[in-house]
Amino acid sequence: MNRIWSYVRLSALAVLLACASGNSPEGMDSDTTAQVVPPQPAPRGDTPDDPNIQRLEREARALANADGCENSGQCRTAPVGNRPCGGPRTYLVYCSLTTDSAALFRKLEDLSRAEGEYNRSHGLVSTCEFRMPPDVALSGRSCQAAPQRP
């Protein structure tokens with residue numbers, strides 16, 4: 001997969017350089033007008049600027065209840081969103097005793113699908129690091145993301 005993206009990037013760079021220098025890319029007539037649109041960076045902030053995606057994320061977060069667990073083993077994480085390069089944008093922490101996990105994951109799947117379609121239709125790109133779920137801890141009877149270790 002990395003080789004394919006490297007090839008795509010190199011090909012796009014070659015077309016951009018050819019257009020910038022006034023030369024036509026190989027195989028194109030000089031009369032042909034080529035419009036090269038570079039991929040857009042992902043929108044800044046946590047959630048794409050799309051009302052449907054924002055609604056789905058709000059609904060998913062409303063289904064996740066962090067309170068009510070008796071021990072930290074009952075605390076869970078769930079992936080949220082779909083980054084342009086793949087993988088979740090972030091994770092949410094919830095209590096498995098007080099959350100309808102099946103409903104939560106159905107909503108998160110809807111969100112991931114909608115965000116993936118949004119990313120593809122807008123030609124978005126992002127960095128390709130994999131974001132790991134946070135460790136979880138129980139404070140009182142509330143699940144929380146544990147502080148990150150250095």
# chains A, B, ... in the order shown; residues from 1 in each chain; ligands from 1
$ residues_around --residues "segment 53-58 of chain A" --least-positions-apart "5" --cutoff "8 Å" --atoms "only C-alpha atoms" --output "ChimeraX atom specification"
/A:47-48,80-81,107-108,110-111,114-115
$ residues_around --residues "segment 64-71 of chain A" --least-positions-apart "5" --cutoff "6 Å" --atoms "only C-alpha atoms" --output "PyMOL selection string"
chain A and resi 94-95+99+141-143
$ write_last_selection --atoms "C-alpha atoms" --output "JSON list (two decimals), in the first residue's frame"
[["chain", "number", "residue", "atom", "x", "y", "z"],
["A", 94, "TYR", "CA", -17.08, 4.37, 28.46],
["A", 95, "CYS", "CA", -18.34, 2.03, 31.17],
["A", 99, "THR", "CA", -23.48, 1.70, 28.09],
["A", 141, "ARG", "CA", -17.19, 5.17, 39.69],
["A", 142, "SER", "CA", -16.29, 7.03, 36.50],
["A", 143, "CYS", "CA", -14.08, 5.71, 33.70]]
$ residues_around --residues "segment 86-93 of chain A" --least-positions-apart "4" --cutoff "7 Å" --atoms "only C-alpha atoms" --output "list in words"
Ala66, Arg76, Thr77, Ala78, Pro79, Val80, Gly81, Asn82, Phe130, Arg131, Pro133, Cys143, Gln144 and Ala145 of chain A
$ residues_around --residues "Gln148 of chain A" --least-positions-apart "4" --cutoff "12 Å" --atoms "only C-alpha atoms" --output "list in words"
Met132, Pro133, Pro134, Asp135, Val136, Ala137 and Gln144 of chain A
$ write_last_selection --atoms "N, CA, C and O atoms" --output "PDB file, in the first residue's frame"
ATOM      1  N   MET A 132      -3.209   5.068  19.027  1.00  0.00           N
ATOM      2  CA  MET A 132      -3.537   3.983  19.954  1.00  0.00           C
ATOM      3  C   MET A 132      -4.604   4.442  20.945  1.00  0.00           C
ATOM      4  O   MET A 132      -4.643   5.605  21.323  1.00  0.00           O
ATOM      5  N   PRO A 133      -5.441   3.511  21.400  1.00  0.00           N
ATOM      6  CA  PRO A 133      -6.427   3.876  22.418  1.00  0.00           C
ATOM      7  C   PRO A 133      -5.714   4.200  23.732  1.00  0.00           C
ATOM      8  O   PRO A 133      -4.657   3.639  24.020  1.00  0.00           O
ATOM      9  N   PRO A 134      -6.292   5.094  24.502  1.00  0.00           N
ATOM     10  CA  PRO A 134      -5.669   5.426  25.782  1.00  0.00           C
ATOM     11  C   PRO A 134      -5.855   4.298  26.786  1.00  0.00           C
ATOM     12  O   PRO A 134      -6.775   3.485  26.660  1.00  0.00           O
ATOM     13  N   ASP A 135      -4.988   4.258  27.775  1.00  0.00           N
ATOM     14  CA  ASP A 135      -5.233   3.388  28.921  1.00  0.00           C
ATOM     15  C   ASP A 135      -6.408   3.993  29.671  1.00  0.00           C
ATOM     16  O   ASP A 135      -6.652   5.198  29.599  1.00  0.00           O
ATOM     17  N   VAL A 136      -7.138   3.161  30.392  1.00  0.00           N
ATOM     18  CA  VAL A 136      -8.286   3.666  31.139  1.00  0.00           C
ATOM     19  C   VAL A 136      -8.065   3.459  32.628  1.00  0.00           C
ATOM     20  O   VAL A 136      -7.327   2.564  33.053  1.00  0.00           O
ATOM     21  N   ALA A 137      -8.700   4.303  33.423  1.00  0.00           N
ATOM     22  CA  ALA A 137      -8.631   4.220  34.872  1.00  0.00           C
ATOM     23  C   ALA A 137     -10.012   4.527  35.428  1.00  0.00           C
ATOM     24  O   ALA A 137     -10.837   5.161  34.756  1.00  0.00           O
ATOM     25  N   GLN A 144     -12.165   6.985  33.006  1.00  0.00           N
ATOM     26  CA  GLN A 144     -11.466   8.113  32.418  1.00  0.00           C
ATOM     27  C   GLN A 144     -10.250   7.605  31.650  1.00  0.00           C
ATOM     28  O   GLN A 144      -9.727   6.530  31.949  1.00  0.00           O
TER      29      GLN A 144
END
$ decode --residues "segment 78-101 of chain A" --atoms "N, CA and C atoms" --output "CSV table (one decimal), in the first residue's frame"
chain,number,residue,atom,x,y,z
A,78,ALA,N,-13.5,3.1,22.7
A,78,ALA,CA,-14.1,2.9,21.4
A,78,ALA,C,-13.5,3.9,20.4
A,79,PRO,N,-13.2,3.4,19.2
A,79,PRO,CA,-12.7,4.3,18.2
A,79,PRO,C,-13.7,5.3,17.6
A,80,VAL,N,-13.3,6.5,17.4
A,80,VAL,CA,-14.2,7.6,16.9
A,80,VAL,C,-13.6,8.1,15.6
A,81,GLY,N,-14.5,8.1,14.6
A,81,GLY,CA,-14.1,8.8,13.3
A,81,GLY,C,-13.3,7.9,12.4
A,82,ASN,N,-12.8,8.6,11.3
A,82,ASN,CA,-12.1,7.9,10.3
A,82,ASN,C,-11.1,8.9,9.7
A,83,ARG,N,-9.9,8.8,10.0
A,83,ARG,CA,-8.9,9.8,9.5
A,83,ARG,C,-8.7,9.5,8.0
A,84,PRO,N,-8.3,10.5,7.2
A,84,PRO,CA,-8.1,10.3,5.8
A,84,PRO,C,-7.1,9.2,5.4
A,85,CYS,N,-6.1,9.1,6.3
A,85,CYS,CA,-5.1,8.0,6.0
A,85,CYS,C,-5.5,6.7,6.6
A,86,GLY,N,-6.6,6.7,7.3
A,86,GLY,CA,-7.1,5.5,8.0
A,86,GLY,C,-7.0,5.5,9.5
A,87,GLY,N,-7.8,4.7,10.1
A,87,GLY,CA,-7.8,4.6,11.6
A,87,GLY,C,-8.6,5.7,12.2
A,88,PRO,N,-8.9,5.6,13.5
A,88,PRO,CA,-9.7,6.5,14.2
A,88,PRO,C,-9.0,7.9,14.4
A,89,ARG,N,-9.8,8.9,14.5
A,89,ARG,CA,-9.3,10.2,14.9
A,89,ARG,C,-9.0,10.3,16.4
A,90,THR,N,-9.8,9.6,17.2
A,90,THR,CA,-9.6,9.6,18.6
A,90,THR,C,-10.4,8.4,19.2
A,91,TYR,N,-10.4,8.4,20.5
A,91,TYR,CA,-11.1,7.3,21.2
A,91,TYR,C,-12.0,7.9,22.3
A,92,LEU,N,-13.1,7.3,22.6
A,92,LEU,CA,-13.9,7.7,23.8
A,92,LEU,C,-13.8,6.6,24.8
A,93,VAL,N,-14.0,7.0,26.0
A,93,VAL,CA,-13.9,6.0,27.2
A,93,VAL,C,-15.4,5.9,27.7
A,94,TYR,N,-15.7,4.6,28.0
A,94,TYR,CA,-17.1,4.4,28.5
A,94,TYR,C,-17.1,3.2,29.4
A,95,CYS,N,-18.1,3.1,30.2
A,95,CYS,CA,-18.3,2.0,31.2
A,95,CYS,C,-19.2,1.0,30.5
A,96,SER,N,-18.7,-0.3,30.5
A,96,SER,CA,-19.4,-1.3,29.8
A,96,SER,C,-20.7,-1.8,30.6
A,97,LEU,N,-20.7,-1.5,31.9
A,97,LEU,CA,-21.9,-1.8,32.6
A,97,LEU,C,-23.1,-0.9,32.3
A,98,THR,N,-22.9,0.3,32.0
A,98,THR,CA,-24.0,1.3,31.9
A,98,THR,C,-24.1,1.8,30.4
A,99,THR,N,-23.4,1.3,29.5
A,99,THR,CA,-23.5,1.7,28.1
A,99,THR,C,-24.0,0.5,27.2
A,100,ASP,N,-24.9,0.8,26.3
A,100,ASP,CA,-25.4,-0.1,25.4
A,100,ASP,C,-24.3,-0.2,24.3
A,101,SER,N,-23.4,-1.1,24.5
A,101,SER,CA,-22.2,-1.2,23.6
A,101,SER,C,-22.6,-1.5,22.1
